[in-house]
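Notes follow the structure.
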Amino acid sequence: MIANLSRFTQAVEMDMSAYRGMVPTEMFGRIQFPPIGELPYFLTMAPHSFFWFLLEPQLIEDVSAEQHWERLPMIHGGDTWDQSVHGSSKAQLEAALPAYVRERRWFGGKSRVIQAISITEAIPMPQNDEEGAYLLLIQVRFTEGDPQTYVLPMTFASGKRALSVRETFRRRLLPSSS
């Protein structure tokens with residue numbers, strides 16, 4: 001947290017080189033500030049104002065397939081898909097969705113800053129296997145402008161099936177490693 005308790009505008013330079021490469025993200029609006037470098041970090045503060053930052057890793061858009069594979073989120077939750085869309089793992093799934101939708105061709109908000117994604121509806125879809133699938137209605141909220149709603153089909157796999165799906169995805173993403 002950085003605060004200006006003065007009634008005057010203040011400029012400040014801070015040595016944040018220990019956090020080089022991190023991106024200060026303002027917690028309430030999820031606005032990203034420029035990445036931290038080796039030089040002192042410069043901010044101008046309005047009178048009686050404050051910033052409350054999270055330091056987050058800088059997203060690098062141009063990554064190799066191997067780096068992309070290593071960045072895939074793992075959601076650890078219950079033993080059923082219901083627990084992942086309705087129960088204790090729902091927050092983990094919602095937290096993983098911004099990175100996922102940003103990379104999808106169909107996502108129309110690529111130039112906007114995602115504030116949060118929430119699952120507004122989880123519609124069960126009948127399947128022949130025991131684990132099932134869902135159509136998720138997700139609401140994407142941005143720091144500016146109106147939210148967007150998307151339909152996202154998802155399925156759940158556990159045990160041997162999960163390992164098989166993971167290996168198949170890895171082979172498709174990294175064809176040279178098979």
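Residue numbering restarts at 1 for every chain of the structure tokens, chains are lettered A, B, ... in their displayed order, and ligands are numbered from 1 as they appear.
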
Report the residues of segment 73-172 of chain A whose backbone DSSP state falls under helix (DSSP H, G or I), written as a compact mmCIF listing (two decimals) with N, CA and C atoms, in the first residue's frame.
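What follows is the written file states_36.txt:
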```txt
# COMPACT_ATOMS: atom_id res chain seq x y z
N TRP A 81 -17.41 -33.51 -10.69
CA TRP A 81 -17.50 -32.26 -11.44
C TRP A 81 -18.43 -31.29 -10.71
N ASP A 82 -19.45 -31.80 -10.06
CA ASP A 82 -20.36 -30.94 -9.30
C ASP A 82 -19.61 -30.10 -8.28
N GLN A 83 -18.61 -30.67 -7.63
CA GLN A 83 -17.84 -29.92 -6.63
C GLN A 83 -16.98 -28.84 -7.29
N SER A 84 -16.64 -29.04 -8.56
CA SER A 84 -15.81 -28.05 -9.26
C SER A 84 -16.62 -26.88 -9.79
N VAL A 85 -17.91 -27.08 -10.07
CA VAL A 85 -18.71 -25.97 -10.59
C VAL A 85 -19.67 -25.39 -9.56
N LYS A 90 -15.03 -24.20 -6.97
CA LYS A 90 -15.57 -23.22 -7.93
C LYS A 90 -14.69 -21.98 -8.01
N ALA A 91 -14.22 -21.48 -6.88
CA ALA A 91 -13.37 -20.27 -6.87
C ALA A 91 -12.06 -20.52 -7.63
N GLN A 92 -11.49 -21.72 -7.48
CA GLN A 92 -10.26 -22.06 -8.22
C GLN A 92 -10.52 -22.07 -9.72
N LEU A 93 -11.65 -22.65 -10.12
CA LEU A 93 -12.00 -22.71 -11.53
C LEU A 93 -12.22 -21.30 -12.08
N GLU A 94 -12.94 -20.46 -11.35
CA GLU A 94 -13.18 -19.09 -11.81
C GLU A 94 -11.87 -18.31 -11.90
N ALA A 95 -10.94 -18.56 -10.99
CA ALA A 95 -9.64 -17.87 -11.03
C ALA A 95 -8.80 -18.30 -12.22
N ALA A 96 -8.98 -19.54 -12.69
CA ALA A 96 -8.21 -20.05 -13.83
C ALA A 96 -8.81 -19.63 -15.17
N LEU A 97 -10.07 -19.25 -15.20
CA LEU A 97 -10.73 -18.94 -16.47
C LEU A 97 -10.19 -17.72 -17.21
N PRO A 98 -9.78 -16.60 -16.55
CA PRO A 98 -9.28 -15.47 -17.34
C PRO A 98 -8.11 -15.83 -18.26
N ALA A 99 -7.14 -16.57 -17.77
CA ALA A 99 -6.00 -16.96 -18.60
C ALA A 99 -6.46 -17.86 -19.75
N TYR A 100 -7.44 -18.73 -19.47
CA TYR A 100 -7.94 -19.64 -20.50
C TYR A 100 -8.69 -18.88 -21.60
N VAL A 101 -9.65 -18.04 -21.23
CA VAL A 101 -10.46 -17.38 -22.26
C VAL A 101 -9.65 -16.38 -23.07
N ARG A 102 -8.65 -15.75 -22.45
CA ARG A 102 -7.82 -14.78 -23.18
C ARG A 102 -7.15 -15.41 -24.40
N GLY A 159 -8.76 -39.70 -12.29
CA GLY A 159 -8.08 -40.98 -12.33
C GLY A 159 -7.37 -41.24 -13.65
N LYS A 160 -7.51 -42.47 -14.17
CA LYS A 160 -6.83 -42.86 -15.41
C LYS A 160 -7.30 -42.04 -16.60
N ARG A 161 -8.60 -41.70 -16.60
CA ARG A 161 -9.13 -40.90 -17.72
C ARG A 161 -8.47 -39.52 -17.73
N ALA A 162 -8.29 -38.91 -16.57
CA ALA A 162 -7.64 -37.60 -16.49
C ALA A 162 -6.20 -37.67 -17.00
N LEU A 163 -5.48 -38.71 -16.63
CA LEU A 163 -4.11 -38.88 -17.12
C LEU A 163 -4.08 -39.06 -18.62
N SER A 164 -5.03 -39.80 -19.16
CA SER A 164 -5.11 -40.02 -20.60
C SER A 164 -5.40 -38.71 -21.34
N VAL A 165 -6.36 -37.93 -20.83
CA VAL A 165 -6.69 -36.64 -21.46
C VAL A 165 -5.49 -35.71 -21.39
N ARG A 166 -4.84 -35.67 -20.26
CA ARG A 166 -3.67 -34.79 -20.10
C ARG A 166 -2.56 -35.17 -21.08
N GLU A 167 -2.29 -36.45 -21.21
CA GLU A 167 -1.24 -36.89 -22.12
C GLU A 167 -1.61 -36.61 -23.58
N THR A 168 -2.87 -36.81 -23.93
CA THR A 168 -3.33 -36.52 -25.30
C THR A 168 -3.16 -35.03 -25.58
N PHE A 169 -3.55 -34.17 -24.64
CA PHE A 169 -3.40 -32.74 -24.83
C PHE A 169 -1.92 -32.36 -24.95
N ARG A 170 -1.10 -32.94 -24.13
CA ARG A 170 0.33 -32.64 -24.18
C ARG A 170 0.93 -33.04 -25.53
N ARG A 171 0.54 -34.21 -26.06
CA ARG A 171 1.06 -34.64 -27.37
C ARG A 171 0.61 -33.70 -28.48
N ARG A 172 -0.62 -33.20 -28.40
CA ARG A 172 -1.11 -32.27 -29.43
C ARG A 172 -0.39 -30.93 -29.32
```

ask   = Could you pull out the strand (DSSP E) residues of segment 6-176 of chain A from DSSP and send them as number ranges by chain?
value = A: 10-14, 22-26, 41-45, 49-51, 53-57, 114-125, 133-142, 148-155

note = Correct to one decimal, the distance atom CA of Gln32 of chain A-atom CA of Leu136 of chain A is 28.1 Å

ask   = Distance atom CA of Leu54 of chain A-atom CA of Met27 of chain A, one decimal place?
value =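 Interatomic distance here is 6.2 Å.
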
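Comparing the minimum interatomic distances between Arg104 of chain A and each of A:Tyr150, A:Trp52, A:Phe142, A:Tyr134, counting only C-alpha atoms, we find that A:Tyr150 sits nearest.
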
query = Smallest atom-to-atom distance to Ala122 of chain A: which of A:Ala3, A:Met154, A:Val140, A:Ala18, using only C-alpha atoms?
reply = A:Met154

key: Contacts of Gln10 of chain A within 7 Å, only C-alpha atoms, excl. fewer than 6 positions in-chain, as a PyMOL selection string   = chain A and resi 44-46
